[in-house]
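Below is query_10.pdb, which holds PDB, C-alpha atoms.
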ATOM      1  CA  MET A 686      54.233  44.122 -30.265  1.00  0.00           C
ATOM      2  CA  ARG A 687      55.958  41.580 -28.015  1.00  0.00           C
ATOM      3  CA  VAL A 688      59.241  43.484 -28.333  1.00  0.00           C
ATOM      4  CA  LEU A 689      57.455  46.731 -27.468  1.00  0.00           C
ATOM      5  CA  LEU A 690      55.846  45.211 -24.358  1.00  0.00           C
ATOM      6  CA  SER A 691      59.221  43.834 -23.218  1.00  0.00           C
ATOM      7  CA  THR A 692      60.825  47.247 -23.660  1.00  0.00           C
ATOM      8  CA  LEU A 693      58.067  48.996 -21.683  1.00  0.00           C
ATOM      9  CA  LEU A 694      58.341  46.411 -18.877  1.00  0.00           C
ATOM     10  CA  SER A 695      62.113  46.914 -18.673  1.00  0.00           C
ATOM     11  CA  LEU A 696      61.682  50.690 -18.447  1.00  0.00           C
ATOM     12  CA  CYS A 697      59.134  50.311 -15.632  1.00  0.00           C
ATOM     13  CA  LEU A 698      61.464  48.033 -13.680  1.00  0.00           C
ATOM     14  CA  CYS A 699      64.369  50.439 -14.118  1.00  0.00           C
ATOM     15  CA  GLY A 700      62.196  53.326 -12.980  1.00  0.00           C
ATOM     16  CA  CYS A 701      61.272  51.412  -9.820  1.00  0.00           C
ATOM     17  CA  ALA A 702      64.911  50.619  -9.096  1.00  0.00           C
ATOM     18  CA  VAL A 703      65.939  54.250  -9.427  1.00  0.00           C
ATOM     19  CA  GLY A 704      63.011  55.661  -7.487  1.00  0.00           C
ATOM     20  CA  ASN A 705      63.208  53.377  -4.421  1.00  0.00           C
ATOM     21  CA  PRO A 706      66.040  53.187  -1.885  1.00  0.00           C
ATOM     22  CA  PRO A 707      68.039  49.957  -1.592  1.00  0.00           C
ATOM     23  CA  PRO A 708      66.869  47.435   1.020  1.00  0.00           C
ATOM     24  CA  VAL A 709      68.210  47.697   4.547  1.00  0.00           C
ATOM     25  CA  VAL A 710      70.823  45.003   5.200  1.00  0.00           C
ATOM     26  CA  ASP A 711      72.894  44.052   8.190  1.00  0.00           C
ATOM     27  CA  ILE A 712      76.357  45.402   7.469  1.00  0.00           C
ATOM     28  CA  TYR A 713      77.617  44.506  10.946  1.00  0.00           C
ATOM     29  CA  GLN A 714      80.751  46.481  11.675  1.00  0.00           C
ATOM     30  CA  ARG A 715      81.555  47.723   8.221  1.00  0.00           C
ATOM     31  CA  ASP A 716      80.488  51.322   8.668  1.00  0.00           C
ATOM     32  CA  SER A 717      82.741  51.573  11.709  1.00  0.00           C
ATOM     33  CA  LYS A 718      86.271  51.439  10.395  1.00  0.00           C
ATOM     34  CA  ALA A 719      88.538  48.569  11.401  1.00  0.00           C
ATOM     35  CA  THR A 720      91.549  50.766  10.726  1.00  0.00           C
ATOM     36  CA  LYS A 721      92.063  54.375  11.679  1.00  0.00           C
ATOM     37  CA  VAL A 722      90.957  56.916   9.061  1.00  0.00           C
ATOM     38  CA  THR A 723      93.758  59.454   8.595  1.00  0.00           C
ATOM     39  CA  SER A 724      92.366  61.764   5.916  1.00  0.00           C
ATOM     40  CA  GLY A 725      89.262  63.793   5.290  1.00  0.00           C
ATOM     41  CA  SER A 726      86.858  65.194   7.851  1.00  0.00           C
ATOM     42  CA  HIS A 727      83.472  64.652   9.477  1.00  0.00           C
ATOM     43  CA  ARG A 728      80.701  67.207   9.932  1.00  0.00           C
ATOM     44  CA  VAL A 729      79.067  66.718  13.325  1.00  0.00           C
ATOM     45  CA  ALA A 730      75.364  65.848  13.158  1.00  0.00           C
ATOM     46  CA  ARG A 731      72.824  66.361  15.914  1.00  0.00           C
ATOM     47  CA  GLY A 732      73.011  63.594  18.513  1.00  0.00           C
ATOM     48  CA  GLU A 733      76.621  62.616  17.798  1.00  0.00           C
ATOM     49  CA  THR A 734      79.314  62.706  20.459  1.00  0.00           C
ATOM     50  CA  LEU A 735      83.081  62.744  20.152  1.00  0.00           C
ATOM     51  CA  TYR A 736      83.041  59.147  21.393  1.00  0.00           C
ATOM     52  CA  SER A 737      80.640  57.909  18.713  1.00  0.00           C
ATOM     53  CA  ILE A 738      82.583  59.660  15.940  1.00  0.00           C
ATOM     54  CA  ALA A 739      85.885  58.279  17.213  1.00  0.00           C
ATOM     55  CA  TRP A 740      84.287  54.817  17.359  1.00  0.00           C
ATOM     56  CA  ARG A 741      83.063  55.076  13.778  1.00  0.00           C
ATOM     57  CA  TYR A 742      86.426  56.125  12.313  1.00  0.00           C
ATOM     58  CA  GLY A 743      88.756  53.912  14.371  1.00  0.00           C
ATOM     59  CA  TRP A 744      90.198  56.665  16.592  1.00  0.00           C
ATOM     60  CA  ASP A 745      90.914  56.848  20.274  1.00  0.00           C
ATOM     61  CA  TYR A 746      88.647  59.668  21.464  1.00  0.00           C
ATOM     62  CA  ARG A 747      91.558  61.428  23.217  1.00  0.00           C
ATOM     63  CA  ALA A 748      93.636  61.480  20.029  1.00  0.00           C
ATOM     64  CA  LEU A 749      90.701  62.807  18.007  1.00  0.00           C
ATOM     65  CA  ALA A 750      90.127  65.541  20.595  1.00  0.00           C
ATOM     66  CA  GLU A 751      93.803  66.515  20.543  1.00  0.00           C
ATOM     67  CA  ALA A 752      93.900  66.567  16.723  1.00  0.00           C
ATOM     68  CA  ASN A 753      91.034  69.053  16.749  1.00  0.00           C
ATOM     69  CA  ASP A 754      92.123  71.128  19.762  1.00  0.00           C
ATOM     70  CA  ILE A 755      89.133  70.032  21.878  1.00  0.00           C
ATOM     71  CA  ASP A 756      89.587  70.028  25.641  1.00  0.00           C
ATOM     72  CA  ALA A 757      87.859  67.840  28.217  1.00  0.00           C
ATOM     73  CA  PRO A 758      84.941  67.268  28.659  1.00  0.00           C
ATOM     74  CA  TYR A 759      85.086  66.975  24.837  1.00  0.00           C
ATOM     75  CA  THR A 760      81.948  68.922  23.961  1.00  0.00           C
ATOM     76  CA  ILE A 761      81.183  69.161  20.240  1.00  0.00           C
ATOM     77  CA  TYR A 762      78.367  70.882  18.345  1.00  0.00           C
ATOM     78  CA  PRO A 763      76.191  70.150  15.292  1.00  0.00           C
ATOM     79  CA  GLY A 764      77.808  71.612  12.181  1.00  0.00           C
ATOM     80  CA  GLN A 765      81.329  71.480  13.627  1.00  0.00           C
ATOM     81  CA  THR A 766      83.938  69.873  11.359  1.00  0.00           C
ATOM     82  CA  LEU A 767      86.383  67.354  12.783  1.00  0.00           C
ATOM     83  CA  SER A 768      89.558  66.640  10.836  1.00  0.00           C
ATOM     84  CA  PHE A 769      91.221  63.232  10.589  1.00  0.00           C
ATOM     85  CA  ALA A 770      94.423  64.503   8.983  1.00  0.00           C
ATOM     86  CA  GLY A 771      97.689  65.228  10.748  1.00  0.00           C
ATOM     87  CA  GLY A 772      98.450  65.960  14.378  1.00  0.00           C
ATOM     88  CA  PRO A 773      97.068  68.543  16.762  1.00  0.00           C
ATOM     89  CA  LYS A 774      95.966  71.798  15.213  1.00  0.00           C
ATOM     90  CA  GLN A 775      97.899  74.894  16.114  1.00  0.00           C
ATOM     91  CA  ALA A 776      95.830  77.349  18.079  1.00  0.00           C
ATOM     92  CA  THR A 777      94.979  80.390  16.000  1.00  0.00           C
ATOM     93  CA  ARG A 778      96.532  83.507  17.483  1.00  0.00           C
ATOM     94  CA  PRO A 779      94.622  86.781  17.231  1.00  0.00           C
ATOM     95  CA  SER A 780      96.128  89.204  14.742  1.00  0.00           C
ATOM     96  CA  ARG A 781      97.764  92.332  16.060  1.00  0.00           C
ATOM     97  CA  PRO A 782      95.812  95.580  15.740  1.00  0.00           C
ATOM     98  CA  PRO A 783      97.003  97.829  12.892  1.00  0.00           C
ATOM     99  CA  ALA A 784      99.716 100.307  13.812  1.00  0.00           C
ATOM    100  CA  SER A 785      98.706 103.943  14.241  1.00  0.00           C
ATOM    101  CA  SER A 786      99.324 106.182  11.216  1.00  0.00           C
ATOM    102  CA  SER A 787     101.030 108.724  13.474  1.00  0.00           C
ATOM    103  CA  SER A 788     104.611 108.111  14.516  1.00  0.00           C
ATOM    104  CA  ALA A 789     104.191 110.109  17.714  1.00  0.00           C
ATOM    105  CA  PRO A 790     103.287 108.146  20.823  1.00  0.00           C
ATOM    106  CA  ALA A 791      99.807 108.737  22.201  1.00  0.00           C
ATOM    107  CA  LYS A 792      99.667 111.187  25.135  1.00  0.00           C
ATOM    108  CA  PRO A 793      97.558 110.568  28.215  1.00  0.00           C
ATOM    109  CA  SER A 794      94.450 112.681  28.607  1.00  0.00           C
ATOM    110  CA  SER A 795      95.044 115.997  30.373  1.00  0.00           C
ATOM    111  CA  SER A 796      91.837 115.552  32.358  1.00  0.00           C
ATOM    112  CA  SER A 797      93.324 112.599  34.198  1.00  0.00           C
ATOM    113  CA  SER A 798      95.254 113.287  37.389  1.00  0.00           C
ATOM    114  CA  GLY A 799      98.550 111.523  37.105  1.00  0.00           C
ATOM    115  CA  ALA A 800      99.668 109.030  34.476  1.00  0.00           C
ATOM    116  CA  ALA A 801      96.998 106.536  33.467  1.00  0.00           C
ATOM    117  CA  LYS A 802      98.086 102.960  34.000  1.00  0.00           C
ATOM    118  CA  ALA A 803      96.587 100.080  32.069  1.00  0.00           C
ATOM    119  CA  GLU A 804      95.258  97.297  34.270  1.00  0.00           C
ATOM    120  CA  PRO A 805      97.037  94.005  33.709  1.00  0.00           C
ATOM    121  CA  ALA A 806      95.018  91.382  31.835  1.00  0.00           C
ATOM    122  CA  PRO A 807      93.844  88.501  34.021  1.00  0.00           C
ATOM    123  CA  PRO A 808      95.802  85.276  33.561  1.00  0.00           C
ATOM    124  CA  PRO A 809      94.153  82.721  31.253  1.00  0.00           C
ATOM    125  CA  ALA A 810      92.064  80.091  32.985  1.00  0.00           C
ATOM    126  CA  PRO A 811      93.946  76.805  33.262  1.00  0.00           C
ATOM    127  CA  LYS A 812      92.759  74.053  30.962  1.00  0.00           C
ATOM    128  CA  PRO A 813      91.016  71.187  32.742  1.00  0.00           C
ATOM    129  CA  LYS A 814      93.362  68.290  33.230  1.00  0.00           C
ATOM    130  CA  PRO A 815      92.237  65.047  31.632  1.00  0.00           C
ATOM    131  CA  SER A 816      91.473  62.155  33.896  1.00  0.00           C
ATOM    132  CA  THR A 817      94.262  59.656  34.482  1.00  0.00           C
ATOM    133  CA  ASP A 818      91.992  56.737  35.359  1.00  0.00           C
ATOM    134  CA  THR A 819      93.524  53.895  33.349  1.00  0.00           C
ATOM    135  CA  GLY A 820      93.347  51.029  35.815  1.00  0.00           C
ATOM    136  CA  PRO A 821      92.015  47.534  35.182  1.00  0.00           C
ATOM    137  CA  VAL A 822      88.353  46.903  34.440  1.00  0.00           C
ATOM    138  CA  ASN A 823      86.366  44.109  36.071  1.00  0.00           C
ATOM    139  CA  TRP A 824      84.292  42.732  33.218  1.00  0.00           C
ATOM    140  CA  GLN A 825      81.147  40.658  33.301  1.00  0.00           C
ATOM    141  CA  TRP A 826      78.903  39.252  30.583  1.00  0.00           C
ATOM    142  CA  PRO A 827      76.433  41.772  29.146  1.00  0.00           C
ATOM    143  CA  ALA A 828      73.813  39.110  28.296  1.00  0.00           C
ATOM    144  CA  SER A 829      73.140  35.496  29.125  1.00  0.00           C
ATOM    145  CA  GLY A 830      72.430  34.060  25.675  1.00  0.00           C
ATOM    146  CA  GLU A 831      74.532  31.903  23.392  1.00  0.00           C
ATOM    147  CA  VAL A 832      77.519  33.338  21.513  1.00  0.00           C
ATOM    148  CA  LEU A 833      76.463  33.178  17.870  1.00  0.00           C
ATOM    149  CA  GLU A 834      79.442  34.897  16.241  1.00  0.00           C
ATOM    150  CA  ARG A 835      82.961  35.586  17.445  1.00  0.00           C
ATOM    151  CA  PHE A 836      85.471  38.384  17.062  1.00  0.00           C
ATOM    152  CA  SER A 837      87.439  38.449  13.809  1.00  0.00           C
ATOM    153  CA  LYS A 838      90.510  40.402  12.733  1.00  0.00           C
ATOM    154  CA  ALA A 839      89.837  39.672   9.061  1.00  0.00           C
ATOM    155  CA  SER A 840      89.091  42.556   6.729  1.00  0.00           C
ATOM    156  CA  GLY A 841      85.406  43.387   7.113  1.00  0.00           C
ATOM    157  CA  GLY A 842      85.161  40.961  10.027  1.00  0.00           C
ATOM    158  CA  ARG A 843      83.151  41.442  13.184  1.00  0.00           C
ATOM    159  CA  ARG A 844      84.989  43.537  15.775  1.00  0.00           C
ATOM    160  CA  GLY A 845      83.029  42.097  18.667  1.00  0.00           C
ATOM    161  CA  ILE A 846      80.823  39.142  19.554  1.00  0.00           C
ATOM    162  CA  THR A 847      77.161  38.402  18.885  1.00  0.00           C
ATOM    163  CA  ILE A 848      75.010  37.047  21.706  1.00  0.00           C
ATOM    164  CA  GLY A 849      71.576  35.675  20.870  1.00  0.00           C
ATOM    165  CA  ASP A 850      68.512  35.551  23.121  1.00  0.00           C
ATOM    166  CA  ARG A 851      64.807  36.416  23.130  1.00  0.00           C
ATOM    167  CA  GLU A 852      63.380  39.830  22.211  1.00  0.00           C
ATOM    168  CA  GLY A 853      63.308  41.989  25.332  1.00  0.00           C
ATOM    169  CA  SER A 854      65.974  40.005  27.202  1.00  0.00           C
ATOM    170  CA  PRO A 855      68.047  42.222  29.514  1.00  0.00           C
ATOM    171  CA  VAL A 856      71.257  43.831  28.305  1.00  0.00           C
ATOM    172  CA  ARG A 857      73.508  44.717  31.230  1.00  0.00           C
ATOM    173  CA  ALA A 858      76.512  46.986  31.713  1.00  0.00           C
ATOM    174  CA  ALA A 859      79.643  44.880  31.418  1.00  0.00           C
ATOM    175  CA  ALA A 860      81.508  47.048  33.965  1.00  0.00           C
ATOM    176  CA  ASP A 861      81.146  50.241  35.976  1.00  0.00           C
ATOM    177  CA  GLY A 862      81.197  53.364  33.827  1.00  0.00           C
ATOM    178  CA  ARG A 863      79.396  56.319  32.298  1.00  0.00           C
ATOM    179  CA  VAL A 864      77.168  56.398  29.212  1.00  0.00           C
ATOM    180  CA  VAL A 865      78.857  58.557  26.551  1.00  0.00           C
ATOM    181  CA  TYR A 866      76.602  57.811  23.565  1.00  0.00           C
ATOM    182  CA  ARG A 867      72.948  56.861  23.171  1.00  0.00           C
ATOM    183  CA  GLY A 868      71.415  56.801  19.738  1.00  0.00           C
ATOM    184  CA  SER A 869      71.037  55.182  16.334  1.00  0.00           C
ATOM    185  CA  GLY A 870      73.396  57.306  14.243  1.00  0.00           C
ATOM    186  CA  LEU A 871      76.006  54.629  13.470  1.00  0.00           C
ATOM    187  CA  THR A 872      74.861  52.647  10.440  1.00  0.00           C
ATOM    188  CA  GLY A 873      74.685  48.913  11.087  1.00  0.00           C
ATOM    189  CA  TYR A 874      74.469  49.203  14.895  1.00  0.00           C
ATOM    190  CA  GLY A 875      70.798  50.041  15.346  1.00  0.00           C
ATOM    191  CA  ASN A 876      69.975  51.410  18.797  1.00  0.00           C
ATOM    192  CA  LEU A 877      73.417  51.733  20.350  1.00  0.00           C
ATOM    193  CA  LEU A 878      74.921  52.522  23.747  1.00  0.00           C
ATOM    194  CA  ILE A 879      78.609  53.295  24.340  1.00  0.00           C
ATOM    195  CA  VAL A 880      79.903  53.189  27.917  1.00  0.00           C
ATOM    196  CA  LYS A 881      83.215  54.689  29.031  1.00  0.00           C
ATOM    197  CA  HIS A 882      84.798  52.663  31.822  1.00  0.00           C
ATOM    198  CA  ASN A 883      87.981  54.683  32.207  1.00  0.00           C
ATOM    199  CA  ASP A 884      90.326  56.698  29.998  1.00  0.00           C
ATOM    200  CA  ARG A 885      91.410  53.614  28.048  1.00  0.00           C
ATOM    201  CA  TRP A 886      88.415  51.277  27.947  1.00  0.00           C
ATOM    202  CA  LEU A 887      85.030  51.637  26.223  1.00  0.00           C
ATOM    203  CA  SER A 888      82.285  49.108  25.475  1.00  0.00           C
ATOM    204  CA  ALA A 889      79.393  49.173  23.001  1.00  0.00           C
ATOM    205  CA  TYR A 890      75.980  47.468  22.996  1.00  0.00           C
ATOM    206  CA  ALA A 891      74.197  47.361  19.621  1.00  0.00           C
ATOM    207  CA  HIS A 892      70.858  46.319  18.051  1.00  0.00           C
ATOM    208  CA  ASN A 893      68.856  46.999  21.208  1.00  0.00           C
ATOM    209  CA  SER A 894      65.077  47.151  21.237  1.00  0.00           C
ATOM    210  CA  SER A 895      64.943  49.842  23.931  1.00  0.00           C
ATOM    211  CA  LEU A 896      67.565  51.981  25.651  1.00  0.00           C
ATOM    212  CA  LEU A 897      67.034  52.430  29.392  1.00  0.00           C
ATOM    213  CA  VAL A 898      69.782  54.938  30.228  1.00  0.00           C
ATOM    214  CA  LYS A 899      70.716  58.437  29.062  1.00  0.00           C
ATOM    215  CA  GLU A 900      74.013  60.036  28.076  1.00  0.00           C
ATOM    216  CA  GLY A 901      75.886  61.034  31.207  1.00  0.00           C
ATOM    217  CA  ASP A 902      74.289  58.368  33.413  1.00  0.00           C
ATOM    218  CA  ARG A 903      76.589  56.446  35.725  1.00  0.00           C
ATOM    219  CA  VAL A 904      76.087  52.689  35.549  1.00  0.00           C
ATOM    220  CA  SER A 905      77.378  49.817  37.646  1.00  0.00           C
ATOM    221  CA  ALA A 906      78.357  46.376  36.398  1.00  0.00           C
ATOM    222  CA  GLY A 907      75.203  44.314  36.033  1.00  0.00           C
ATOM    223  CA  ASP A 908      72.790  47.241  35.717  1.00  0.00           C
ATOM    224  CA  LYS A 909      70.081  46.689  33.109  1.00  0.00           C
ATOM    225  CA  ILE A 910      70.790  49.336  30.469  1.00  0.00           C
ATOM    226  CA  ALA A 911      68.802  48.086  27.479  1.00  0.00           C
ATOM    227  CA  THR A 912      66.622  45.285  26.147  1.00  0.00           C
ATOM    228  CA  MET A 913      67.735  42.994  23.362  1.00  0.00           C
ATOM    229  CA  GLY A 914      66.225  43.516  19.935  1.00  0.00           C
ATOM    230  CA  ALA A 915      66.831  43.468  16.200  1.00  0.00           C
ATOM    231  CA  SER A 916      67.302  47.153  15.362  1.00  0.00           C
ATOM    232  CA  GLY A 917      69.687  47.574  12.442  1.00  0.00           C
ATOM    233  CA  THR A 918      69.952  43.824  11.853  1.00  0.00           C
ATOM    234  CA  PHE A 919      67.951  40.776  10.728  1.00  0.00           C
ATOM    235  CA  ARG A 920      67.564  38.854  13.996  1.00  0.00           C
ATOM    236  CA  THR A 921      67.312  39.411  17.730  1.00  0.00           C
ATOM    237  CA  GLN A 922      70.861  39.734  19.051  1.00  0.00           C
ATOM    238  CA  LEU A 923      73.303  41.811  21.049  1.00  0.00           C
ATOM    239  CA  HIS A 924      76.431  42.920  19.229  1.00  0.00           C
ATOM    240  CA  PHE A 925      78.978  43.638  21.975  1.00  0.00           C
ATOM    241  CA  GLU A 926      82.327  45.375  21.445  1.00  0.00           C
ATOM    242  CA  ILE A 927      85.218  46.407  23.678  1.00  0.00           C
ATOM    243  CA  ARG A 928      87.917  48.904  22.705  1.00  0.00           C
ATOM    244  CA  LYS A 929      91.140  49.822  24.454  1.00  0.00           C
ATOM    245  CA  ASP A 930      92.820  53.072  23.365  1.00  0.00           C
ATOM    246  CA  GLY A 931      90.531  53.042  20.342  1.00  0.00           C
ATOM    247  CA  GLN A 932      91.526  49.548  19.223  1.00  0.00           C
ATOM    248  CA  PRO A 933      89.054  46.622  19.123  1.00  0.00           C
ATOM    249  CA  VAL A 934      89.681  43.901  21.708  1.00  0.00           C
ATOM    250  CA  ASP A 935      88.247  40.383  21.517  1.00  0.00           C
ATOM    251  CA  PRO A 936      85.690  40.372  24.361  1.00  0.00           C
ATOM    252  CA  LEU A 937      86.234  36.673  24.973  1.00  0.00           C
ATOM    253  CA  THR A 938      89.814  37.426  26.092  1.00  0.00           C
ATOM    254  CA  VAL A 939      88.646  39.665  28.957  1.00  0.00           C
ATOM    255  CA  LEU A 940      85.202  38.341  29.909  1.00  0.00           C
ATOM    256  CA  PRO A 941      85.112  35.699  32.680  1.00  0.00           C
ATOM    257  CA  ASN A 942      84.706  32.059  31.700  1.00  0.00           C
ATOM    258  CA  ARG A 943      81.131  30.855  31.829  1.00  0.00           C
ATOM    259  CA  SER A 944      80.443  27.921  34.126  1.00  0.00           C
TER     260      SER A 944
END
Would you encode the structure as structure tokens?
Amino acid sequence: MRVLLSTLLSLCLCGCAVGNPPPVVDIYQRDSKATKVTSGSHRVARGETLYSIAWRYGWDYRALAEANDIDAPYTIYPGQTLSFAGGPKQATRPSRPPASSSSAPAKPSSSSSGAAKAEPAPPPAPKPKPSTDTGPVNWQWPASGEVLERFSKASGGRRGITIGDREGSPVRAAADGRVVYRGSGLTGYGNLLIVKHNDRWLSAYAHNSSLLVKEGDRVSAGDKIATMGASGTFRTQLHFEIRKDGQPVDPLTVLPNRS
């Protein structure tokens, strides 16, 4: 009887383990790749932007756009597939129409006065030129709390810094720029904002309680863009990252010294 009860208890526990999802844990940066992913593809989900996908897979957004033949302003759509393999895709040329079964050239209609002339096709619209704004960025601290964790280049290490403070404390734009992602689609970041400062520099603000700006909004250094929270993590904190040309940069090397 005791053996039977033990067996039934084990089966119940196994059933619970299979039926319930695993607990949510703070995986920090580990869903966002430290090294560039160069194989496979990503299917665009609703709410994602080219910037957030490039951030997740370790790409510079310009290189990812070029590899998938996407022109500025880098608009993507749910269901679209982005490839991480190889260089730029070759534009697909339209196939030629099938040749006529008759070898004789077509004659113009007799009802037309004079020879009919085909109108020339209009020239293709020029592609928008990408911005060339790559100048220096004047950084400032995004929050006033204590630095709890520092940047690490180790495998699986944090690719930014953690700043601790009270729930609801202001999170501020670290430099002038434009919001290019607002959402919670990157696992381990919670409520996230990504700000583009120029063609080379981006910054990210994770684990916010509330987001106070929208995608496309222009922000100035010091503007309150979010409030600090614990979304996607186990404690109230701001996870702050900076990337240059898609590569993580230690924020403490560019932020001003605190007095």
Run the PyMOL selection byres ((chain A and resi 720-728) around 12) against the file shown and list the residues it catches, as a ChimeraX atom specification. /A:714-719,729-731,733-735,737-746,748-749,752-753,761-772,838-842,844,930-933
Taking the file as I've supplied it (selection: the PyMOL selection byres ((chain A and resi 893) around 6)), which residues are included? Please answer as a PyMOL selection string. chain A and resi 876+891-892+894-895+912-914
Report the residues retrieved by the PyMOL selection byres ((chain A and resi 938) around 12) from the displayed file, expressed as a PDB file with C-alpha atoms, in the coordinates of the input.
ATOM      1  CA  TRP A 824      84.292  42.732  33.218  1.00  0.00           C
ATOM      2  CA  GLN A 825      81.147  40.658  33.301  1.00  0.00           C
ATOM      3  CA  TRP A 826      78.903  39.252  30.583  1.00  0.00           C
ATOM      4  CA  ARG A 835      82.961  35.586  17.445  1.00  0.00           C
ATOM      5  CA  PHE A 836      85.471  38.384  17.062  1.00  0.00           C
ATOM      6  CA  GLY A 845      83.029  42.097  18.667  1.00  0.00           C
ATOM      7  CA  ILE A 846      80.823  39.142  19.554  1.00  0.00           C
ATOM      8  CA  GLU A 926      82.327  45.375  21.445  1.00  0.00           C
ATOM      9  CA  ILE A 927      85.218  46.407  23.678  1.00  0.00           C
ATOM     10  CA  PRO A 933      89.054  46.622  19.123  1.00  0.00           C
ATOM     11  CA  VAL A 934      89.681  43.901  21.708  1.00  0.00           C
ATOM     12  CA  ASP A 935      88.247  40.383  21.517  1.00  0.00           C
ATOM     13  CA  PRO A 936      85.690  40.372  24.361  1.00  0.00           C
ATOM     14  CA  LEU A 937      86.234  36.673  24.973  1.00  0.00           C
ATOM     15  CA  VAL A 939      88.646  39.665  28.957  1.00  0.00           C
ATOM     16  CA  LEU A 940      85.202  38.341  29.909  1.00  0.00           C
ATOM     17  CA  PRO A 941      85.112  35.699  32.680  1.00  0.00           C
ATOM     18  CA  ASN A 942      84.706  32.059  31.700  1.00  0.00           C
TER      19      ASN A 942
END
Once you count all atoms listed in the file, which residues end up no further than 12 Å from (65.5, 43.2, 20.0) in the file's frame, shown as a PyMOL selection string? chain A and resi 848-856+874-877+890-896+911-924
Return the single residue from A:Thr847, A:Gly901, A:Arg885, A:Ala860 that is closest to Leu833 of chain A, with distances computed using only C-alpha atoms.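 The answer is A:Thr847, which sits nearest to Leu833 of chain A.
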One number please: atom CA of Ala757 of chain A to atom CA of Pro821 of chain A, in Å, one decimal.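 Distance reported for this atom pair: 21.9 Å.
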I'd like the interatomic distance between atom CA of Phe925 of chain A and atom CA of Ser888 of chain A, to a tenth of an Å.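 These atoms are spaced 7.3 Å apart.
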So the first atom is atom CA of Arg867 of chain A and the second is atom CA of Glu751 of chain A; what is the distance between them in Å, to one decimal place? 23.1 Å
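Using all atoms listed in the file, the nearest neighbour of Arg843 of chain A within the list A:Glu831, A:Arg857, A:Gly873, A:Val864 is A:Gly873.
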Between A:Arg928, A:Arg943, A:Arg747, A:Arg903, which residue has the minimum interatomic distance to Trp886 of chain A, considering all atoms listed in the file? A:Arg928
